[in-house]
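**Q** Just passing along the structure, written as structure tokens.
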Amino acid sequence: MAVKDYIRERFFPHLWCPGCGHGIVLNGLLRAIEKLGLSKNEIVMVTGIGCSARIAGYVDFHTLHTIHGRALAFATGVKLSRPELKVIVPMGDGDALAIGGNHFIHAARRNIDMTAIVMNNRIYGMTGGQFSPLSGCGVIATTSPYANIDNDFDVVELSKAAGATFVARTTTYHVKEISDFIRKAILHEGFSVVEILTQCPTYFGRKNKEGEAADMLRRYKEITTPIGSDAKKENPDLIERGIFLQKENPEYCSEYNAIIQQAMKG
Amino acid sequence: MSQNIKFIQGNEVCAEAAIYAGLDFYAGYPITPSSEIAEHLAYRLPQIGGKFIQMEDEIASLCAIIGASLTGHKVMTATSGPGFSLMQEALGYAIMAEIPCVIVDVQRGGPSTGIPTHGSQGDVNQARWGTHGDHSIVALTASNHQDLFEMTVYAFNLAETYRTPVILLLDELVGHMRERLIMPEKGEIPLVERLRTSVREGVDYHPYLPREDGRLPMSDFGGVHRYNVTGLYHDMWGFPSSEPRTVHGLIRHLVDKLENRIGEIAKFREYHLEDADVVLISYGCSARSALHVVKNRRLRGERLGLLELQTLWPFASEIVREKCAGARSVVVVEMNMGQMLQAVKTAVDEPEKVFLANRIDGVFITPTDISNILRLIQGKGV
Ligand SMILES: Cc1ncc(C[n+]2csc(CCOP(=O)(O)OP(=O)(O)O)c2C)c(N)n1
Ligand code: SF4
């Protein structure tokens with residue numbers, strides 16, 4: 001199947017702003033799925049609320065567009081009740097780690113087999129540019145007009161500590177990595193997290209004088225580096241990209257099946 | 001055939017009845033006085049190949065069962081007041097997206113942490129209006145174990161019939177009380193199964209287009225029909241829409257599908273109403289004491305009757321009006337500050353003849369309490 005067979009064409013052009021990074025994530029995701037040759041009937045996409053969450057409307061899978069922050073909780077019900085389905089959960093940074101932070105760490109802790117994609121634009125896009133728990137200090141947002149003093153989470157460290165068994169990070173500049181990492185994350189049996197830095201030129205870019213979408217993309221190239229590169233040693237401020245963790249641990253649905261076997265024996 | 005008689009706790013009755021009804025997925029978070037439901041199901045569900053998961057909170061619990069319902073399972077969660085408060089946003093989602101599910105609220109005294117180990121019926125209005133926006137809702141209750149079994153099964157049946165969340169509004173007293181239950185035989189209580197679409201693969205399926213009889217056939221996630229489910233106003237495919245006609249049509253549908261069928265949904269029991277000049281209206285644990293009063297007074301020749309509501313919402317106004325028409329006074333017996341009283345007052349022809357007999361101190365309302373209040377109402381002093 002071609003990428004366009006995976007989309008609901010009648011909803012295009014999409015509602016994201018011109019230059020928004022979310023479309024690049026969509027593209028990378030579809031390429032990953034195309035490469036895996038998955039059937040559309042076996043994929044469930046679950047999202048919360050946010051610009052990022054609207055991604056569910058565009059893909060021709062079983063799509064569950066839910067409430068703000070709770071996508072992983074809904075997804076847990078879908079997956080545990082029908083473990084043979086592939087469950088993909090794209091979320092905005094606020095969706096995933098502010099209101100949804102508790103569900104995020106607990107889904108990771110259970111190591112339930114699903115793919116969480118954090119579309120990190122470091123801002124609340126949908127509600128007009130307030131800061132998020134991934135904005136970081138110094139960021140200007142509509143609710144931090146003098147500069148943000150809230151520390152940010154490191155999604156990679158947080159996911160690892162919480163129990164995720166596949167953790168990767170890249171940016172919308174690195175489109176090949178997006179599809180490569182998502183493909184591996186879907187194949188991985190367990191809770192996988194792919195963080196993708198994605199630009200919101202409308203709010204983050206404008207407020208923080210990062211220029212147009214193209215400038216923001218170029219910046220992703222400049223401020224990131226592959227894991228373990230020499231550049232990182234010279235400049236510790238660089239953000240690392242790559243697959244940080246990929247390990248096998250008992251997966252929740254398989255473990256529960258073992259409980260069923262045990263209980264049925266009586 | 002010998003009867004299967006059990007002597008168990010109300011919460012266990014609810015859990016067993018849910019299994020009888022076809023429950024095979026439960027998600028929940030522990031809270032007194034509902035935890036025994038979770039504990040019982042954690043043990044029982046895997047024995048029948050079903051699934052139990054303890055989530056990180058009540059919000060996640062309701063969200064998880066909604067997800068599992070969409071893959072074609074009969075689902076339930078159970079909680080008490082504080083947890084029920086947390087569930088309100090997801091409850092609205094289940095209403096909007098028309099997801100069959102059962103939510104048990106074993107009521108305790110509130111607000112806030114309140115009085116966890118004591119009974120109350122303080123969540124009646126939260127069940128009705130707890131989630132935001134216009135909507136209708138089904139809330140059921142029961143006063144004894146035999147009815148509790150039936151009402152639990154009924155909750156699942158209504159959830160499937162109307163594609164809606166159903167609230168089972170129990171209380172600490174019934175939940176923790178032990179009494180006799182005659183386990184219904186398999187097949188004794190009819191079950192409503194998920195209505196699945198007959199639309200074949202490749203043919204356009206409309207998850208949100210009601211049939212002539214008002215029912216909406218579903219298609220399981222993972223099946224051949226891929227559609228969208230959202231809490232936004234949506235069209236018949238489930239795709240977001242802000243088109244005024246679609247918005248209006250959907251909200252009307254969500255409300256009318258229940259409010260227009262109150263006659264079918266309403267369940268109640270009546271005792272000596274034929275010639276009653278004092279009608280007691282009660283439900284749940286309070287109805288036990290109310291019934292006691294009615295039976296005793298009847299022995300003394302007094303014309304008291306009881307209307308026991310089993311369906312609380314949608315409120316059966318017509319039935320209440322009719323049953324109260326000949327009464328000199330109507331006394332609502334409940335363990336709150338008059339939550340059902342208001343609905344009764346609105347329903348009857350002469351609201352000034354409606355009185356409240358209540359207790360709000362966490363102590364079970366006794367027949368003596370009710371008698372004392374009746375004497376006051378009848379002008380006899382205590
Ligand atoms: C319970 C609740 N609180 C707040 C909101 C408002 N809200 C909608 S989206 C959003 C944040 C969106 O930011 P993010 O998740 O980072 O996604 P983005 O829009 O940037 O893609 C907020 C606060 C809501 N819909 N529900
Ligand atoms: S507001 Fe930002 S995140 Fe939302 S669509 Fe526009 S650019 Fe994208």
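Identifiers in the structure tokens: chain A, B, ... in order shown; residue index from 1 per chain; ligand index from 1 in order shown.
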Up to 9 Å from chain A, what residues of chain B turn up? Count only C-alpha atoms and give them as a ChimeraX atom specification.
**A** /B:24-25,27,43-53,55-57,59-73,89-90,93,221-232,239-240
**Q** Where in range 92-332 of chain B does DSSP assign strand (DSSP E), given as a PyMOL selection string?
**A** chain B and resi 101-109+115-119+138-140+165-171+178-182+228-230+268-271+278-282+304-309+311-313+329-332
**Q** Using only C-alpha atoms and all ligand atoms, determine which residues fall within 10 Å of ligand 2, then list them as a VMD selection string.
**A** chain A and resid 14 to 23 50 to 54 92 119 to 129 198 to 205 213
**Q** Write down as a VMD selection string the residues belonging to range 26-233 of chain A that are assigned alpha helix (DSSP H) by DSSP computed on the backbone.
**A** chain A and resid 26 to 36 71 to 81 93 to 97 101 to 110 155 to 162 175 to 187 206 to 207 213 to 223 230 to 233
**Q** Need to verify the contact set: Met340 in chain B, 10 Å, only C-alpha atoms, exclusion of same-chain residues closer than 5 positions in sequence. Can you return it as a PyMOL selection string?
**A** chain B and resi 121-122+124-125+281-283+312+315+332-335+345+356
**Q** Those selected residues, please, written with N, CA and C atoms and delivered as a PDB file, in the first residue's frame.
**A**
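Resulting contents of out34.pdb:
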ATOM      1  N   GLN B 121     -26.902   9.027  50.577  1.00  0.00           N
ATOM      2  CA  GLN B 121     -27.424   8.997  49.202  1.00  0.00           C
ATOM      3  C   GLN B 121     -27.207  10.365  48.575  1.00  0.00           C
ATOM      4  N   GLY B 122     -26.031  10.899  48.826  1.00  0.00           N
ATOM      5  CA  GLY B 122     -25.750  12.276  48.452  1.00  0.00           C
ATOM      6  C   GLY B 122     -25.303  12.497  47.023  1.00  0.00           C
ATOM      7  N   VAL B 124     -27.016  11.609  44.280  1.00  0.00           N
ATOM      8  CA  VAL B 124     -28.139  11.497  43.341  1.00  0.00           C
ATOM      9  C   VAL B 124     -28.083  12.590  42.277  1.00  0.00           C
ATOM     10  N   ASN B 125     -27.832  13.803  42.735  1.00  0.00           N
ATOM     11  CA  ASN B 125     -27.776  14.886  41.750  1.00  0.00           C
ATOM     12  C   ASN B 125     -26.455  14.929  40.997  1.00  0.00           C
ATOM     13  N   ILE B 281     -42.117   7.884  49.208  1.00  0.00           N
ATOM     14  CA  ILE B 281     -41.311   7.620  48.011  1.00  0.00           C
ATOM     15  C   ILE B 281     -39.875   7.457  48.485  1.00  0.00           C
ATOM     16  N   SER B 282     -39.267   6.351  48.139  1.00  0.00           N
ATOM     17  CA  SER B 282     -37.908   6.116  48.614  1.00  0.00           C
ATOM     18  C   SER B 282     -37.168   5.212  47.639  1.00  0.00           C
ATOM     19  N   TYR B 283     -35.898   4.940  47.964  1.00  0.00           N
ATOM     20  CA  TYR B 283     -35.051   4.144  47.066  1.00  0.00           C
ATOM     21  C   TYR B 283     -33.814   3.708  47.842  1.00  0.00           C
ATOM     22  N   LEU B 312     -33.655   5.915  38.981  1.00  0.00           N
ATOM     23  CA  LEU B 312     -33.693   7.277  39.519  1.00  0.00           C
ATOM     24  C   LEU B 312     -33.698   8.298  38.383  1.00  0.00           C
ATOM     25  N   PHE B 315     -35.930  10.580  35.333  1.00  0.00           N
ATOM     26  CA  PHE B 315     -36.943  10.571  36.384  1.00  0.00           C
ATOM     27  C   PHE B 315     -38.322  10.302  35.797  1.00  0.00           C
ATOM     28  N   VAL B 332     -40.950  11.983  50.934  1.00  0.00           N
ATOM     29  CA  VAL B 332     -39.768  11.425  50.286  1.00  0.00           C
ATOM     30  C   VAL B 332     -38.780  11.035  51.384  1.00  0.00           C
ATOM     31  N   VAL B 333     -38.393   9.773  51.385  1.00  0.00           N
ATOM     32  CA  VAL B 333     -37.482   9.267  52.418  1.00  0.00           C
ATOM     33  C   VAL B 333     -36.119   9.038  51.772  1.00  0.00           C
ATOM     34  N   GLU B 334     -35.117   9.783  52.194  1.00  0.00           N
ATOM     35  CA  GLU B 334     -33.798   9.639  51.578  1.00  0.00           C
ATOM     36  C   GLU B 334     -32.717  10.113  52.534  1.00  0.00           C
ATOM     37  N   MET B 335     -31.495   9.658  52.272  1.00  0.00           N
ATOM     38  CA  MET B 335     -30.382  10.026  53.143  1.00  0.00           C
ATOM     39  C   MET B 335     -29.525  11.109  52.501  1.00  0.00           C
ATOM     40  N   LYS B 345     -41.293  17.016  43.820  1.00  0.00           N
ATOM     41  CA  LYS B 345     -42.095  18.248  43.899  1.00  0.00           C
ATOM     42  C   LYS B 345     -42.457  18.761  42.515  1.00  0.00           C
ATOM     43  N   LEU B 356     -40.215  15.932  53.388  1.00  0.00           N
ATOM     44  CA  LEU B 356     -38.956  15.196  53.400  1.00  0.00           C
ATOM     45  C   LEU B 356     -38.763  14.477  54.735  1.00  0.00           C
TER      46      LEU B 356
END
**Q** Can you list, as a list of chain:residue names, every protein, DNA or RNA residue that comes within 12 Å of range 227-236 of chain A when you count only C-alpha atoms, leaving out same-chain residues fewer than 5 positions away?
**A**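 Residues near the query, excluding close chain neighbours: A:Ala168, A:Arg169, A:Thr170, A:Glu222, A:Arg241, A:Gly242, A:Ile243, A:Phe244, A:Leu245.
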**Q** Show me, as a ChimeraX atom specification, the residues that have an atom within 12 Å of Asp213 in chain B when counting only C-alpha atoms, minus same-chain residues fewer than 6 positions from it.
**A** /B:161-162,257,261
**Q** Find the spatial neighbours of range 135-137 of chain A, counting only C-alpha atoms, within a cut-off of 9 Å - ignore same-chain residues fewer than 4 positions away - and output them as JSON, numbers by chain.
**A** {"A": [93, 120, 121, 122, 123, 131, 141, 147, 148, 149, 150, 151, 152, 153]}
**Q** What is the CA of Lys6 in chain B to CA of Arg180 in chain B distance in Å?
**A**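 If I compute the distance from CA of Lys6 in chain B to CA of Arg180 in chain B, I get 5.7 Å.
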**Q** Given the choices A:Ala185, A:Met216, A:Leu197, A:Leu97, which gets closest to ligand 1 if the distance is worked out from only C-alpha atoms and all ligand atoms?
**A**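 Smallest separation from ligand 1 among the options: A:Leu97.
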**Q** Find the residues near Val194 in chain A: any atom within 12 Å, counting only C-alpha atoms, skip ones fewer than 5 places away on the same chain, and give them as a count of residues only.
**A** 46
**Q** With only C-alpha atoms as the atoms that count, which of A:Ile99, A:Asp237, A:Ala2, A:Phe104 lies nearest to Ala32 in chain A?
**A** A:Ala2
**Q** Of the residues B:Gly263, B:Met337, B:Met76, B:His253, which is the one nearest to Glu318 in chain B, using only C-alpha atoms?
**A** B:Gly263
**Q** Please determine, counting only C-alpha atoms, which residue among B:Arg108, B:Arg211, B:Lys74, B:His118 has the shortest atom-to-atom distance to Tyr20 in chain B.
**A**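 The answer is B:Lys74, which sits nearest to Tyr20 in chain B.
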